[in-house]
Each structure stands twice: as C-alpha cells, then as structure tokens.
Amino acid sequence: MIPRILSVSRSAASISLLGLIVLCLGWEIFWAPLRAGGSLLFLKALPLLLPLFGILRGKRYTYQWSGMLILFYFTEGAVRAWSETGVARWLAVVEVILSLIFFASVIAYSKYTGRSYQPA
C-alpha cells in the first residue's frame with residue numbers, strides 16, 4: 001500500500017509542478033497578461049524551477065521545503081480568483097487546484113518516506 005501511495009504522490013507532485021510552471025508562463029505571456037504583449041510577472045515561474053529536479057528525482061528534503069514554497073502560489077491564485085474576471089479568473093482557479101494537488105502530494109510523500117515508515 002505504501003509504495004502505491006509513494007508512486008501516486010510522486011507522479012502527482014511532478015505533474016502539478018510542471019503544470020504550474022506552464023500555467024505561470026502561459027498566463028502572463030499569452031493567455032491573460034496584465035498588459036497587452038505580456039508582462040514581467042511571468043518571472044513568478046522562476047522559483048518553481050528551484051525544486052523541479054529534486055521533485056523529479058524524489059528527494060525527500062526538496063518535497064518538504066517546496067510544500068512551503070507552493071503556499072505563495074496558492075495565495076496568489078486565491079486572491080486573483082477573487083479579484084480577476086474572465087479568463088484570468090479561471091486561470092487563477094486552475095492555479096489554486098494545481099497548488100493544492102502539489103501540496104497534498106508533497107505532504108503524503110514526505111510522510112511515507114519518513115523513518116517511521118521505513119522497513120526494519
């Protein structure tokens with residue numbers, strides 16, 4: 001049962017992180033930028049690149065600290081879902097959903113890779 005949870009949480013974390021990177025770039029460059037032609041707000045995707053390789057490799061420490069990082073994206077998505085209209089609102093809702101999936105996945109992965117769940 002635990003290997004299945006690890007596999008699912010690792011896959012969900014990887015996919016949601018990659019989805020957030022694509023969403024941040026597409027949102028601020030193409031789909032609904034703050035200014036016509038894009039804005040420098042696409043740089044918000046850069047912090048998401050920091051945990052990318054650790055998440056893809058299954059590094060427990062990266063899973064732990066990236067769970068705190070993702071809360072900024074959840075907050076931004078919640079605020080913009082409340083204040084934006086049109087396409088930007090739906091993009092914000094997707095950001096909230098992806099950040100929640102990522103957060104739940106890193107919590108599960110961190111929990112089940114801890115010492116208390118290691119075989120004796």
# chains A, B, ... in the order shown; residues from 1 in each chain; ligands from 1
>>> select_by_dssp(residues="chain A", states="alpha helix (DSSP H)", output="PyMOL selection string")
chain A and resi 2-26+46-49+52-57+60-83+87-112
>>> residues_around(residues="Ser39 of chain A", least_positions_apart="2", cutoff="12 Å", atoms="only C-alpha atoms", output="MDAnalysis selection string")
chainID A and resid 24:37 41:44
>>> write_last_selection(atoms="all heavy atoms", output="compact mmCIF listing (two decimals), in the first residue's frame")
# COMPACT_ATOMS: atom_id res chain seq x y z
N CYS A 24 1.98 29.43 -15.23
CA CYS A 24 2.53 30.76 -14.91
C CYS A 24 3.10 31.45 -16.15
O CYS A 24 2.89 32.64 -16.35
CB CYS A 24 3.61 30.65 -13.83
SG CYS A 24 2.96 30.27 -12.20
N LEU A 25 3.79 30.69 -16.96
CA LEU A 25 4.37 31.28 -18.18
C LEU A 25 3.29 31.64 -19.19
O LEU A 25 3.27 32.75 -19.73
CB LEU A 25 5.38 30.31 -18.79
CG LEU A 25 6.66 30.08 -18.00
CD1 LEU A 25 7.49 28.99 -18.64
CD2 LEU A 25 7.44 31.37 -17.86
N GLY A 26 2.38 30.72 -19.45
CA GLY A 26 1.32 30.97 -20.43
C GLY A 26 0.38 32.07 -20.01
O GLY A 26 -0.04 32.89 -20.82
N TRP A 27 0.07 32.11 -18.74
CA TRP A 27 -0.86 33.11 -18.21
C TRP A 27 -0.31 34.51 -18.41
O TRP A 27 -1.00 35.40 -18.92
CB TRP A 27 -1.07 32.83 -16.74
CG TRP A 27 -2.06 33.69 -16.00
CD1 TRP A 27 -2.71 34.79 -16.46
CD2 TRP A 27 -2.50 33.48 -14.67
NE1 TRP A 27 -3.52 35.29 -15.48
CE2 TRP A 27 -3.42 34.50 -14.37
CE3 TRP A 27 -2.21 32.55 -13.69
CZ2 TRP A 27 -4.05 34.60 -13.14
CZ3 TRP A 27 -2.84 32.65 -12.47
CH2 TRP A 27 -3.75 33.66 -12.20
N GLU A 28 0.91 34.74 -18.04
CA GLU A 28 1.46 36.10 -18.05
C GLU A 28 2.08 36.50 -19.39
O GLU A 28 2.40 37.67 -19.59
CB GLU A 28 2.49 36.26 -16.94
CG GLU A 28 1.95 35.99 -15.56
CD GLU A 28 0.77 36.88 -15.17
OE1 GLU A 28 0.56 37.94 -15.78
OE2 GLU A 28 0.03 36.48 -14.25
N ILE A 29 2.25 35.55 -20.31
CA ILE A 29 2.80 35.90 -21.61
C ILE A 29 1.71 35.90 -22.69
O ILE A 29 1.65 36.82 -23.51
CB ILE A 29 3.94 34.94 -22.01
CG1 ILE A 29 5.10 35.09 -21.02
CG2 ILE A 29 4.43 35.22 -23.42
CD1 ILE A 29 6.22 34.07 -21.21
N PHE A 30 0.84 34.87 -22.69
CA PHE A 30 -0.09 34.70 -23.80
C PHE A 30 -1.56 34.86 -23.43
O PHE A 30 -2.28 35.62 -24.06
CB PHE A 30 0.08 33.31 -24.43
CG PHE A 30 1.47 33.02 -24.88
CD1 PHE A 30 2.23 32.04 -24.24
CD2 PHE A 30 2.04 33.70 -25.93
CE1 PHE A 30 3.51 31.75 -24.65
CE2 PHE A 30 3.34 33.43 -26.35
CZ PHE A 30 4.07 32.46 -25.70
N TRP A 31 -2.04 34.11 -22.44
CA TRP A 31 -3.47 33.93 -22.24
C TRP A 31 -4.17 35.14 -21.63
O TRP A 31 -5.24 35.51 -22.10
CB TRP A 31 -3.74 32.68 -21.41
CG TRP A 31 -3.18 31.45 -22.05
CD1 TRP A 31 -3.15 31.16 -23.38
CD2 TRP A 31 -2.54 30.37 -21.39
NE1 TRP A 31 -2.54 29.96 -23.60
CE2 TRP A 31 -2.15 29.44 -22.38
CE3 TRP A 31 -2.25 30.08 -20.07
CZ2 TRP A 31 -1.51 28.25 -22.09
CZ3 TRP A 31 -1.61 28.90 -19.77
CH2 TRP A 31 -1.26 28.00 -20.77
N ALA A 32 -3.62 35.71 -20.56
CA ALA A 32 -4.29 36.85 -19.91
C ALA A 32 -3.27 37.71 -19.17
O ALA A 32 -3.33 37.88 -17.96
CB ALA A 32 -5.36 36.34 -18.93
N PRO A 33 -2.31 38.29 -19.91
CA PRO A 33 -1.30 39.12 -19.24
C PRO A 33 -1.90 40.39 -18.66
O PRO A 33 -2.95 40.86 -19.11
CB PRO A 33 -0.30 39.43 -20.35
CG PRO A 33 -1.08 39.32 -21.62
CD PRO A 33 -2.12 38.27 -21.36
N LEU A 34 -1.23 40.95 -17.68
CA LEU A 34 -1.71 42.20 -17.09
C LEU A 34 -1.66 43.34 -18.09
O LEU A 34 -2.50 44.24 -18.09
CB LEU A 34 -0.87 42.57 -15.86
CG LEU A 34 -1.08 41.68 -14.64
CD1 LEU A 34 -0.13 42.08 -13.53
CD2 LEU A 34 -2.52 41.76 -14.17
N ARG A 35 -0.66 43.33 -18.96
CA ARG A 35 -0.54 44.33 -20.03
C ARG A 35 -0.53 43.61 -21.38
O ARG A 35 -0.03 42.50 -21.48
CB ARG A 35 0.77 45.10 -19.89
CG ARG A 35 0.83 45.93 -18.66
CD ARG A 35 2.03 46.87 -18.70
NE ARG A 35 2.11 47.58 -17.45
CZ ARG A 35 3.02 47.35 -16.53
NH1 ARG A 35 3.95 46.44 -16.71
NH2 ARG A 35 3.02 48.04 -15.42
N ALA A 36 -1.02 44.27 -22.39
CA ALA A 36 -1.01 43.69 -23.73
C ALA A 36 0.44 43.42 -24.15
O ALA A 36 1.32 44.24 -23.95
CB ALA A 36 -1.69 44.62 -24.72
N GLY A 37 0.69 42.25 -24.70
CA GLY A 37 2.04 41.90 -25.12
C GLY A 37 2.83 41.19 -24.03
O GLY A 37 3.97 40.82 -24.24
N LEU A 41 5.61 39.72 -15.01
CA LEU A 41 5.08 38.85 -13.97
C LEU A 41 5.30 37.37 -14.29
O LEU A 41 5.17 36.51 -13.43
CB LEU A 41 3.60 39.14 -13.75
CG LEU A 41 2.98 38.71 -12.43
CD1 LEU A 41 3.78 39.28 -11.25
CD2 LEU A 41 1.56 39.17 -12.33
N PHE A 42 5.67 37.05 -15.54
CA PHE A 42 5.98 35.67 -15.89
C PHE A 42 7.20 35.17 -15.10
O PHE A 42 7.41 33.96 -14.98
CB PHE A 42 6.21 35.49 -17.39
CG PHE A 42 7.53 36.00 -17.89
CD1 PHE A 42 8.63 35.17 -17.92
CD2 PHE A 42 7.66 37.31 -18.32
CE1 PHE A 42 9.86 35.63 -18.38
CE2 PHE A 42 8.88 37.79 -18.77
CZ PHE A 42 9.98 36.94 -18.81
N LEU A 43 7.97 36.08 -14.53
CA LEU A 43 9.13 35.69 -13.73
C LEU A 43 8.74 34.96 -12.45
O LEU A 43 9.59 34.37 -11.80
CB LEU A 43 9.99 36.92 -13.40
CG LEU A 43 10.65 37.60 -14.60
CD1 LEU A 43 11.34 38.88 -14.16
CD2 LEU A 43 11.63 36.66 -15.27
N LYS A 44 7.44 34.99 -12.12
CA LYS A 44 6.99 34.26 -10.94
C LYS A 44 7.17 32.75 -11.12
O LYS A 44 7.12 32.00 -10.15
CB LYS A 44 5.55 34.58 -10.61
CG LYS A 44 4.53 34.02 -11.59
CD LYS A 44 3.14 34.42 -11.22
CE LYS A 44 2.15 33.85 -12.24
NZ LYS A 44 0.80 34.27 -11.96
>>> atom_distance(atom1="atom CA of Ile107 of chain A", atom2="atom CA of Ala88 of chain A")
28.4 Å
>>> residues_around(residues="Arg4 of chain A", least_positions_apart="3", cutoff="12 Å", atoms="only C-alpha atoms", output="MDAnalysis selection string")
chainID A and resid 1 7:11 108:109 112
>>> residues_around(residues="segment 91-102 of chain A", least_positions_apart="2", cutoff="9 Å", atoms="only C-alpha atoms", output="ChimeraX atom specification")
/A:9,12-17,19-20,23-24,27,31-32,67,70-71,73-82,84,87-89,104-107
>>> write_last_selection(atoms="N, CA, C and O atoms", output="short mmCIF file (atom, residue, chain, number, x, y, z; two decimals), in the first residue's frame")
data_model
loop_
_atom_site.label_atom_id
_atom_site.label_comp_id
_atom_site.auth_asym_id
_atom_site.auth_seq_id
_atom_site.Cartn_x
_atom_site.Cartn_y
_atom_site.Cartn_z
N SER A 9 1.81 9.86 -5.24
CA SER A 9 2.13 11.21 -4.77
C SER A 9 3.31 11.81 -5.53
O SER A 9 3.32 13.00 -5.83
N ALA A 12 1.91 12.80 -8.97
CA ALA A 12 1.03 13.97 -8.86
C ALA A 12 1.83 15.24 -8.59
O ALA A 12 1.54 16.30 -9.16
N ALA A 13 2.85 15.14 -7.75
CA ALA A 13 3.68 16.31 -7.46
C ALA A 13 4.43 16.76 -8.71
O ALA A 13 4.49 17.96 -9.00
N SER A 14 4.98 15.83 -9.44
CA SER A 14 5.74 16.18 -10.65
C SER A 14 4.84 16.82 -11.70
O SER A 14 5.18 17.85 -12.27
N ILE A 15 3.70 16.20 -11.94
CA ILE A 15 2.78 16.71 -12.97
C ILE A 15 2.22 18.08 -12.57
O ILE A 15 2.15 18.99 -13.41
N SER A 16 1.83 18.23 -11.30
CA SER A 16 1.26 19.52 -10.90
C SER A 16 2.32 20.63 -10.89
O SER A 16 2.01 21.77 -11.23
N LEU A 17 3.56 20.29 -10.54
CA LEU A 17 4.62 21.31 -10.58
C LEU A 17 4.90 21.74 -12.02
O LEU A 17 5.01 22.93 -12.30
N GLY A 19 2.81 21.54 -14.45
CA GLY A 19 1.62 22.27 -14.86
C GLY A 19 1.62 23.70 -14.35
O GLY A 19 1.23 24.62 -15.07
N LEU A 20 2.07 23.90 -13.12
CA LEU A 20 2.15 25.26 -12.58
C LEU A 20 3.17 26.11 -13.34
O LEU A 20 2.94 27.30 -13.57
N LEU A 23 1.54 26.96 -16.59
CA LEU A 23 0.45 27.90 -16.33
C LEU A 23 0.98 29.31 -16.07
O LEU A 23 0.47 30.28 -16.64
N CYS A 24 1.98 29.43 -15.23
CA CYS A 24 2.53 30.76 -14.91
C CYS A 24 3.10 31.45 -16.15
O CYS A 24 2.89 32.64 -16.35
N TRP A 27 0.07 32.11 -18.74
CA TRP A 27 -0.86 33.11 -18.21
C TRP A 27 -0.31 34.51 -18.41
O TRP A 27 -1.00 35.40 -18.92
N TRP A 31 -2.04 34.11 -22.44
CA TRP A 31 -3.47 33.93 -22.24
C TRP A 31 -4.17 35.14 -21.63
O TRP A 31 -5.24 35.51 -22.10
N ALA A 32 -3.62 35.71 -20.56
CA ALA A 32 -4.29 36.85 -19.91
C ALA A 32 -3.27 37.71 -19.17
O ALA A 32 -3.33 37.88 -17.96
N GLY A 67 6.86 22.31 -0.18
CA GLY A 67 5.50 22.43 0.33
C GLY A 67 5.22 23.81 0.90
O GLY A 67 4.09 24.31 0.84
N ILE A 70 5.03 26.44 -2.22
CA ILE A 70 3.82 26.40 -3.03
C ILE A 70 2.67 27.20 -2.42
O ILE A 70 1.74 27.60 -3.12
N LEU A 71 2.77 27.49 -1.14
CA LEU A 71 1.71 28.27 -0.48
C LEU A 71 1.61 29.69 -1.04
O LEU A 71 0.54 30.28 -1.05
N TYR A 73 1.93 30.42 -4.20
CA TYR A 73 1.15 30.29 -5.44
C TYR A 73 -0.32 30.03 -5.13
O TYR A 73 -1.20 30.51 -5.85
N PHE A 74 -0.59 29.29 -4.07
CA PHE A 74 -1.97 29.11 -3.64
C PHE A 74 -2.59 30.46 -3.27
O PHE A 74 -3.70 30.77 -3.68
N THR A 75 -1.84 31.25 -2.51
CA THR A 75 -2.34 32.55 -2.08
C THR A 75 -2.58 33.47 -3.27
O THR A 75 -3.62 34.14 -3.36
N GLU A 76 -1.63 33.50 -4.21
CA GLU A 76 -1.81 34.35 -5.39
C GLU A 76 -3.03 33.90 -6.19
O GLU A 76 -3.83 34.72 -6.64
N GLY A 77 -3.19 32.60 -6.36
CA GLY A 77 -4.34 32.09 -7.10
C GLY A 77 -5.65 32.42 -6.42
O GLY A 77 -6.63 32.80 -7.08
N ALA A 78 -5.70 32.30 -5.10
CA ALA A 78 -6.93 32.61 -4.37
C ALA A 78 -7.28 34.09 -4.48
O ALA A 78 -8.44 34.46 -4.72
N VAL A 79 -6.28 34.95 -4.35
CA VAL A 79 -6.53 36.40 -4.44
C VAL A 79 -6.97 36.77 -5.85
O VAL A 79 -7.93 37.53 -6.03
N ARG A 80 -6.28 36.23 -6.84
CA ARG A 80 -6.64 36.59 -8.21
C ARG A 80 -7.95 35.95 -8.66
O ARG A 80 -8.67 36.51 -9.49
N ALA A 81 -8.30 34.80 -8.13
CA ALA A 81 -9.61 34.19 -8.44
C ALA A 81 -10.73 35.06 -7.88
O ALA A 81 -11.81 35.15 -8.46
N TRP A 82 -10.46 35.70 -6.77
CA TRP A 82 -11.45 36.58 -6.13
C TRP A 82 -11.54 37.92 -6.85
O TRP A 82 -12.63 38.49 -6.97
N GLU A 84 -10.02 38.90 -10.10
CA GLU A 84 -9.98 38.97 -11.58
C GLU A 84 -11.33 38.62 -12.18
O GLU A 84 -12.22 38.11 -11.50
N VAL A 87 -11.08 35.18 -18.31
CA VAL A 87 -10.10 34.10 -18.43
C VAL A 87 -9.13 34.08 -17.25
O VAL A 87 -8.77 33.01 -16.75
N ALA A 88 -8.72 35.25 -16.80
CA ALA A 88 -7.77 35.33 -15.69
C ALA A 88 -8.33 34.68 -14.43
O ALA A 88 -7.58 34.05 -13.67
N ARG A 89 -9.63 34.79 -14.21
CA ARG A 89 -10.24 34.14 -13.03
C ARG A 89 -10.12 32.63 -13.14
O ARG A 89 -9.78 31.96 -12.17
N ALA A 104 -0.76 18.58 -1.30
CA ALA A 104 -1.19 17.29 -0.75
C ALA A 104 -0.21 16.18 -1.13
O ALA A 104 0.09 15.29 -0.31
N SER A 105 0.32 16.24 -2.33
CA SER A 105 1.27 15.22 -2.79
C SER A 105 2.57 15.27 -2.02
O SER A 105 3.11 14.22 -1.63
N VAL A 106 3.10 16.46 -1.79
CA VAL A 106 4.38 16.54 -1.08
C VAL A 106 4.20 16.18 0.40
O VAL A 106 5.10 15.60 1.00
N ILE A 107 3.05 16.47 0.97
CA ILE A 107 2.78 16.07 2.35
C ILE A 107 2.74 14.54 2.44
O ILE A 107 3.36 13.94 3.33
#
>>> atom_distance(atom1="atom CA of Leu56 of chain A", atom2="atom CA of Val22 of chain A")
15.9 Å
>>> atom_distance(atom1="atom CA of Leu50 of chain A", atom2="atom CA of Ser83 of chain A")
28.5 Å
>>> decode(residues="segment 89-100 of chain A", atoms="all heavy atoms", output="compact mmCIF listing (two decimals), in the first residue's frame")
# COMPACT_ATOMS: atom_id res chain seq x y z
N ARG A 89 -9.63 34.79 -14.21
CA ARG A 89 -10.24 34.14 -13.03
C ARG A 89 -10.12 32.63 -13.14
O ARG A 89 -9.78 31.96 -12.17
CB ARG A 89 -11.70 34.55 -12.89
CG ARG A 89 -12.39 33.78 -11.77
CD ARG A 89 -13.78 34.26 -11.53
NE ARG A 89 -13.68 35.49 -10.77
CZ ARG A 89 -14.67 36.35 -10.60
NH1 ARG A 89 -15.83 36.12 -11.15
NH2 ARG A 89 -14.50 37.44 -9.88
N TRP A 90 -10.37 32.08 -14.31
CA TRP A 90 -10.30 30.62 -14.48
C TRP A 90 -8.87 30.12 -14.40
O TRP A 90 -8.60 29.04 -13.88
CB TRP A 90 -10.98 30.20 -15.78
CG TRP A 90 -12.45 30.40 -15.68
CD1 TRP A 90 -13.19 31.36 -16.32
CD2 TRP A 90 -13.36 29.69 -14.83
NE1 TRP A 90 -14.50 31.27 -15.93
CE2 TRP A 90 -14.63 30.25 -15.03
CE3 TRP A 90 -13.21 28.64 -13.94
CZ2 TRP A 90 -15.76 29.79 -14.35
CZ3 TRP A 90 -14.33 28.18 -13.27
CH2 TRP A 90 -15.59 28.74 -13.47
N LEU A 91 -7.94 30.91 -14.89
CA LEU A 91 -6.53 30.55 -14.75
C LEU A 91 -6.12 30.55 -13.28
O LEU A 91 -5.35 29.69 -12.83
CB LEU A 91 -5.65 31.50 -15.56
CG LEU A 91 -5.82 31.40 -17.08
CD1 LEU A 91 -5.05 32.53 -17.76
CD2 LEU A 91 -5.37 30.06 -17.59
N ALA A 92 -6.65 31.49 -12.52
CA ALA A 92 -6.37 31.54 -11.08
C ALA A 92 -6.95 30.33 -10.37
O ALA A 92 -6.32 29.77 -9.46
CB ALA A 92 -6.90 32.84 -10.48
N VAL A 93 -8.14 29.92 -10.76
CA VAL A 93 -8.74 28.72 -10.17
C VAL A 93 -7.88 27.49 -10.47
O VAL A 93 -7.66 26.64 -9.60
CB VAL A 93 -10.20 28.54 -10.67
CG1 VAL A 93 -10.75 27.18 -10.28
CG2 VAL A 93 -11.08 29.65 -10.14
N VAL A 94 -7.38 27.39 -11.69
CA VAL A 94 -6.50 26.27 -12.05
C VAL A 94 -5.22 26.33 -11.21
O VAL A 94 -4.72 25.29 -10.75
CB VAL A 94 -6.18 26.29 -13.56
CG1 VAL A 94 -5.11 25.28 -13.91
CG2 VAL A 94 -7.45 26.03 -14.36
N GLU A 95 -4.70 27.53 -10.97
CA GLU A 95 -3.51 27.67 -10.13
C GLU A 95 -3.77 27.19 -8.71
O GLU A 95 -2.94 26.50 -8.11
CB GLU A 95 -3.04 29.13 -10.11
CG GLU A 95 -1.76 29.33 -9.33
CD GLU A 95 -1.26 30.76 -9.37
OE1 GLU A 95 -2.09 31.69 -9.53
OE2 GLU A 95 -0.05 30.95 -9.24
N VAL A 96 -4.92 27.51 -8.18
CA VAL A 96 -5.29 27.04 -6.84
C VAL A 96 -5.38 25.51 -6.81
O VAL A 96 -4.85 24.86 -5.91
CB VAL A 96 -6.62 27.68 -6.38
CG1 VAL A 96 -7.17 26.99 -5.15
CG2 VAL A 96 -6.43 29.16 -6.12
N ILE A 97 -6.03 24.94 -7.81
CA ILE A 97 -6.19 23.48 -7.86
C ILE A 97 -4.83 22.79 -7.98
O ILE A 97 -4.54 21.82 -7.25
CB ILE A 97 -7.12 23.08 -9.01
CG1 ILE A 97 -8.55 23.55 -8.71
CG2 ILE A 97 -7.08 21.58 -9.26
CD1 ILE A 97 -9.50 23.47 -9.88
N LEU A 98 -3.98 23.27 -8.88
CA LEU A 98 -2.65 22.66 -9.05
C LEU A 98 -1.80 22.80 -7.79
O LEU A 98 -1.08 21.87 -7.41
CB LEU A 98 -1.93 23.28 -10.24
CG LEU A 98 -2.45 22.88 -11.62
CD1 LEU A 98 -1.74 23.69 -12.71
CD2 LEU A 98 -2.26 21.40 -11.86
N SER A 99 -1.89 23.95 -7.13
CA SER A 99 -1.09 24.13 -5.92
C SER A 99 -1.61 23.23 -4.79
O SER A 99 -0.82 22.72 -4.00
CB SER A 99 -1.05 25.59 -5.49
OG SER A 99 -2.33 26.07 -5.19
N LEU A 100 -2.92 23.02 -4.71
CA LEU A 100 -3.47 22.10 -3.70
C LEU A 100 -3.06 20.66 -3.97
O LEU A 100 -2.73 19.91 -3.04
CB LEU A 100 -4.99 22.22 -3.64
CG LEU A 100 -5.54 23.48 -2.99
CD1 LEU A 100 -7.05 23.54 -3.12
CD2 LEU A 100 -5.12 23.55 -1.53
